[in-house]
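Structure first, commentary second.
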Amino acid sequence: MKDLFPLLILCLVSLLSFGQVSLSKETQSYVSHARGNYVLQNLTIVDGKGNLPKIDQDIIIKGDIIEAIGKDLPIPKNYKVINMAGKSAIPGMVMLHEHLFYPKATPGGFGVNQMSYSFPKLYLAGGITTMRTAGSIMPQADINLKNFIEKGMIPGPKMDVTSPFLDREGTGLIELTPLKSTKQAVDAVNFYADMGATSFKVYNFITKEDLKAIVDAAHKRGLKVTGHLCSITYEEAADIGIDNLEHGFYASSDFITDKEPDACEPFKQSKSLLELPVDSEEMTNLINHLVSKKVALTSTINVFEPYTNREIVPGGGIDALYTDAKEKVYKRWASKQGRDSLDYVMFNKSKVWEKAFHDAGGLLVAGTDPTYDGRIVAGYANMRLLELFVEMGFTIPEAIKICTLNGAKYLEQDKTIGTLEPSKTADIIILNEDISQDIRAIRSIEITFKNGIGYDSKKLFKAADGIVGIR
Ligand SMILES: [Zn+2]
């Protein structure tokens, strides 16, 4: 114990010596641009509002704020000038379906391991500056992580922490305790809100009565509820007052013709979606209903990306996986080659439906959902998701807007984050290549600025190599 004291004092000194921003030594080791006053010159900019790209732009950063953006801006005194010709800039991403865990083999079912060390780094490396976790298995760890990141103790994005999955018996996830009553669901909302959770997520086996009580309790505190549904239809949930639905239309049970109330019937559900014509009137009606009820829809289309002729780990993060996971993911990918035609059908339909929701005026937001079979890796997945939005038919500025401003709008933080505009927080991704010409330039992230501090993306990615699945 005694030996630890010099170390503690050293840590304290390093925290204090960084001016107003207290960054630990660990966090500082990933910083390429300390907080200061910068003129980033000659960038191509996609602003997050859906506007056409602009070339030869300067961004002036003053501390943690974007002071000005424009062409050939006069250089204020004592600002550091950096020529960024050939590079491009977009807002830091605001992603709404993130997790801090990775799947593991568990006897008798499915389990997950908390990734408190690797995932925050990977998210920041991949350009995420704000994220909502969409369901937690270690809420206390997620809440602490959020606070540790805010204090500069570890590098990572700003976080909106969601409660543990609120669900009844049925899911079989070993890390989750099912709720026994509606009263317990309400108690959970209040308990986790008091702990620091700012969002809630209901899951597959929840009842309508539970959902109503959860929505009322959360709304009373000014907090929002999302759901990965199965037992409740999208229409029912929208009428009850849910704020957000996860996984596009993959979790919609609205089209089961003989649906039992409050019952989750996954086989009937996927069959009904497969059989539903892509241009059906029923889907158009559901979309219009959701839009009229102002329910946001989260696309996690990357999770459903088929295997055949596609990357093993979408976004390119295979080296982040520890050896066993790498082997497992590779085997599954290889076994699926040429054998996932049904997945392709659903994937293609979902792309059309999600875009139709957006085009009908709905708030389409994005998240990467790093769970499932281990193929989805934090940080890498969000780069891939952005590419898939373009594959879905969105223009590059629209795709970027979905991953930035739309998320900020949902979180009601669009006055301060989500776009590149003067007086907004300096959350900026600097890319080595020109993203306005090719969305794949998202894979060339050089710096992620969060609150005006520039983090070295490559170094953050590298720090997580080989440990995803372990810690
Ligand atoms: Zn999820």
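So you can find residues: chains in the structure tokens are A, B, ... in the order shown, residues in each start at 1, and ligands are numbered from 1 in order.
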Which protein, DNA or RNA residues have an atom within 10 Å of ligand 1, counting only C-alpha atoms and all ligand atoms, as a tab-separated table (two decimals) with N, CA, C and O atoms, in the first residue's frame?
chain	number	residue	atom	x	y	z
A	96	LEU	N	-26.37	6.28	-31.71
A	96	LEU	CA	-27.38	6.03	-30.69
A	96	LEU	C	-27.66	4.57	-30.34
A	96	LEU	O	-28.56	4.29	-29.55
A	97	HIS	N	-26.95	3.65	-30.92
A	97	HIS	CA	-27.16	2.26	-30.49
A	97	HIS	C	-25.80	1.61	-30.28
A	97	HIS	O	-25.34	0.78	-31.05
A	98	GLU	N	-25.15	2.04	-29.21
A	98	GLU	CA	-23.81	1.49	-28.93
A	98	GLU	C	-23.88	0.65	-27.66
A	98	GLU	O	-24.81	0.76	-26.88
A	99	HIS	N	-22.90	-0.22	-27.51
A	99	HIS	CA	-22.82	-1.05	-26.30
A	99	HIS	C	-21.38	-1.08	-25.83
A	99	HIS	O	-20.46	-0.81	-26.60
A	101	PHE	N	-20.11	-3.96	-24.54
A	101	PHE	CA	-19.85	-5.38	-24.28
A	101	PHE	C	-19.70	-6.15	-25.59
A	101	PHE	O	-20.05	-5.66	-26.67
A	133	THR	N	-25.52	4.58	-25.16
A	133	THR	CA	-25.51	3.13	-25.07
A	133	THR	C	-26.97	2.70	-25.18
A	133	THR	O	-27.85	3.39	-24.68
A	134	ALA	N	-27.23	1.60	-25.85
A	134	ALA	CA	-28.63	1.19	-26.02
A	134	ALA	C	-28.86	-0.13	-25.30
A	134	ALA	O	-29.14	-1.16	-25.89
A	135	GLY	N	-28.71	-0.06	-23.98
A	135	GLY	CA	-28.86	-1.26	-23.17
A	135	GLY	C	-27.53	-1.61	-22.54
A	135	GLY	O	-26.50	-1.62	-23.21
A	136	SER	N	-27.60	-1.88	-21.24
A	136	SER	CA	-26.38	-2.08	-20.48
A	136	SER	C	-26.45	-3.39	-19.71
A	136	SER	O	-27.53	-3.82	-19.30
A	165	PHE	N	-31.27	-3.58	-20.03
A	165	PHE	CA	-32.44	-3.94	-20.83
A	165	PHE	C	-33.60	-4.23	-19.87
A	165	PHE	O	-33.46	-5.04	-18.96
A	201	LYS	N	-34.25	1.36	-22.15
A	201	LYS	CA	-34.49	0.49	-23.30
A	201	LYS	C	-35.31	-0.72	-22.87
A	201	LYS	O	-34.93	-1.43	-21.94
A	203	TYR	N	-37.17	-4.43	-24.05
A	203	TYR	CA	-36.69	-5.52	-24.89
A	203	TYR	C	-37.81	-6.46	-25.33
A	203	TYR	O	-38.98	-6.14	-25.20
A	227	GLY	N	-36.82	0.98	-27.77
A	227	GLY	CA	-37.11	-0.43	-27.64
A	227	GLY	C	-36.62	-1.27	-28.81
A	227	GLY	O	-36.68	-0.83	-29.96
A	228	HIS	N	-36.07	-2.44	-28.46
A	228	HIS	CA	-35.88	-3.50	-29.45
A	228	HIS	C	-37.04	-4.45	-29.17
A	228	HIS	O	-36.98	-5.25	-28.25
A	246	GLU	N	-35.62	0.47	-32.33
A	246	GLU	CA	-34.28	0.04	-32.73
A	246	GLU	C	-34.32	-0.98	-33.87
A	246	GLU	O	-35.28	-1.72	-34.02
A	247	HIS	N	-33.24	-1.00	-34.65
A	247	HIS	CA	-33.03	-1.99	-35.72
A	247	HIS	C	-33.95	-1.81	-36.92
A	247	HIS	O	-34.42	-2.80	-37.49
A	300	THR	N	-29.56	0.08	-37.65
A	300	THR	CA	-28.32	-0.64	-37.30
A	300	THR	C	-28.05	-1.61	-38.45
A	300	THR	O	-27.70	-2.77	-38.23
A	303	VAL	N	-25.42	-4.44	-38.79
A	303	VAL	CA	-25.50	-5.72	-38.08
A	303	VAL	C	-26.07	-6.80	-38.98
A	303	VAL	O	-25.80	-7.98	-38.79
A	367	GLY	N	-26.90	3.66	-35.30
A	367	GLY	CA	-26.11	3.04	-34.24
A	367	GLY	C	-25.55	1.74	-34.75
A	367	GLY	O	-26.08	1.15	-35.70
A	368	THR	N	-24.46	1.26	-34.13
A	368	THR	CA	-23.77	0.11	-34.73
A	368	THR	C	-24.03	-1.21	-34.03
A	368	THR	O	-23.71	-2.26	-34.57
A	369	ASP	N	-24.55	-1.18	-32.80
A	369	ASP	CA	-24.92	-2.40	-32.09
A	369	ASP	C	-23.84	-3.48	-32.10
A	369	ASP	O	-24.05	-4.57	-32.67
A	370	PRO	N	-22.70	-3.21	-31.49
A	370	PRO	CA	-21.63	-4.22	-31.50
A	370	PRO	C	-21.96	-5.41	-30.60
A	370	PRO	O	-21.47	-5.53	-29.48
A	371	THR	N	-22.81	-6.29	-31.07
A	371	THR	CA	-23.16	-7.51	-30.31
A	371	THR	C	-23.19	-8.68	-31.28
A	371	THR	O	-22.22	-8.97	-31.92
A	372	TYR	N	-24.31	-9.31	-31.38
A	372	TYR	CA	-24.60	-10.36	-32.34
A	372	TYR	C	-23.54	-11.45	-32.32
A	372	TYR	O	-23.26	-12.00	-31.28
Worksheet item: Which residues, written as a list of chain:residue names, have at least one atom at most 7 Å from region 155-159 of chain A, with only C-alpha atoms counted and residues fewer than 5 positions away on the same chain left out?
Response: A:Thr27, A:Pro120, A:Lys121, A:Tyr123, A:Leu124, A:Ile128, A:Thr129, A:Thr130, A:Met131, A:Arg132, A:Lys146, A:Ile149
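CA of Val345 (chain A) sits 18.7 Å away from CA of Thr284 (chain A).
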Worksheet entry | Spatial neighbours of Leu166 (chain A), 8 Å, only C-alpha atoms, chain gap at least 4 places, as number ranges by chain | A: 178-179, 185, 200-203, 206
Worksheet item: Hey, what does DSSP flag as helix (DSSP H, G or I) within region 37-212 of chain A? Can you give it to me as an MDAnalysis selection string?
Response: chainID A and resid 118:125 139:150 182:195 208:212
Item to complete: Might you pull out every residue within 8 Å of Val215 (chain A), with only C-alpha atoms counted and same-chain residues fewer than 5 positions away left off, and present them as a list in words?
Response: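 Final neighbour list, sorted by chain and number: Lys224, Val225, Ile240, Gly241 and Ile242 of chain A.
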Item to complete: Give the strand (DSSP E) residues of region 164-349 of chain A, as assigned by DSSP on the backbone, as a list of chain:residue names.
Response: A:Ser199, A:Phe200, A:Lys201, A:Val202, A:Lys224, A:Val225, A:Thr226, A:Gly227, A:Asn244, A:Leu245, A:Ala296, A:Leu297, A:Thr298, A:Ser299
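Comparing the minimum interatomic distances between Glu169 (chain A) and each of A:Val46, A:Thr198, A:Ser231, A:Ile312, counting only C-alpha atoms, we find that A:Ser231 sits nearest.
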Worksheet item: Between CA of Leu431 (chain A) and CA of Ala89 (chain A), what is the spacing in Å?
Response: 6.0 Å
Practice prompt. Go ahead and compute the interatomic distance for CA of Pro277 (chain A) and CA of Gly362 (chain A), in Å to one decimal.
Written response: 21.0 Å
Worksheet item: Which residues come within 10 Å of Thr182 (chain A), counting only C-alpha atoms, excluding same-chain residues fewer than 4 positions away, as a VMD selection string?
Response: chain A and resid 168 186 to 188 206 to 214
Write the selection just made, keeping C-alpha atoms, as a compact mmCIF listing (two decimals), in the first residue's frame?
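Output file selection.txt is given in full below:
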# COMPACT_ATOMS: atom_id res chain seq x y z
CA ARG A 168 -39.62 -9.99 -18.81
CA VAL A 186 -41.13 1.47 -12.76
CA ASP A 187 -38.87 1.03 -9.73
CA ALA A 188 -36.03 0.15 -12.12
CA ILE A 206 -42.00 -6.63 -22.28
CA THR A 207 -45.79 -6.20 -21.96
CA LYS A 208 -47.86 -3.24 -23.11
CA GLU A 209 -48.75 -2.51 -19.49
CA ASP A 210 -45.03 -2.45 -18.57
CA LEU A 211 -44.18 -0.22 -21.51
CA LYS A 212 -46.90 2.29 -20.63
CA ALA A 213 -45.67 2.48 -17.02
CA ILE A 214 -41.99 2.75 -18.10
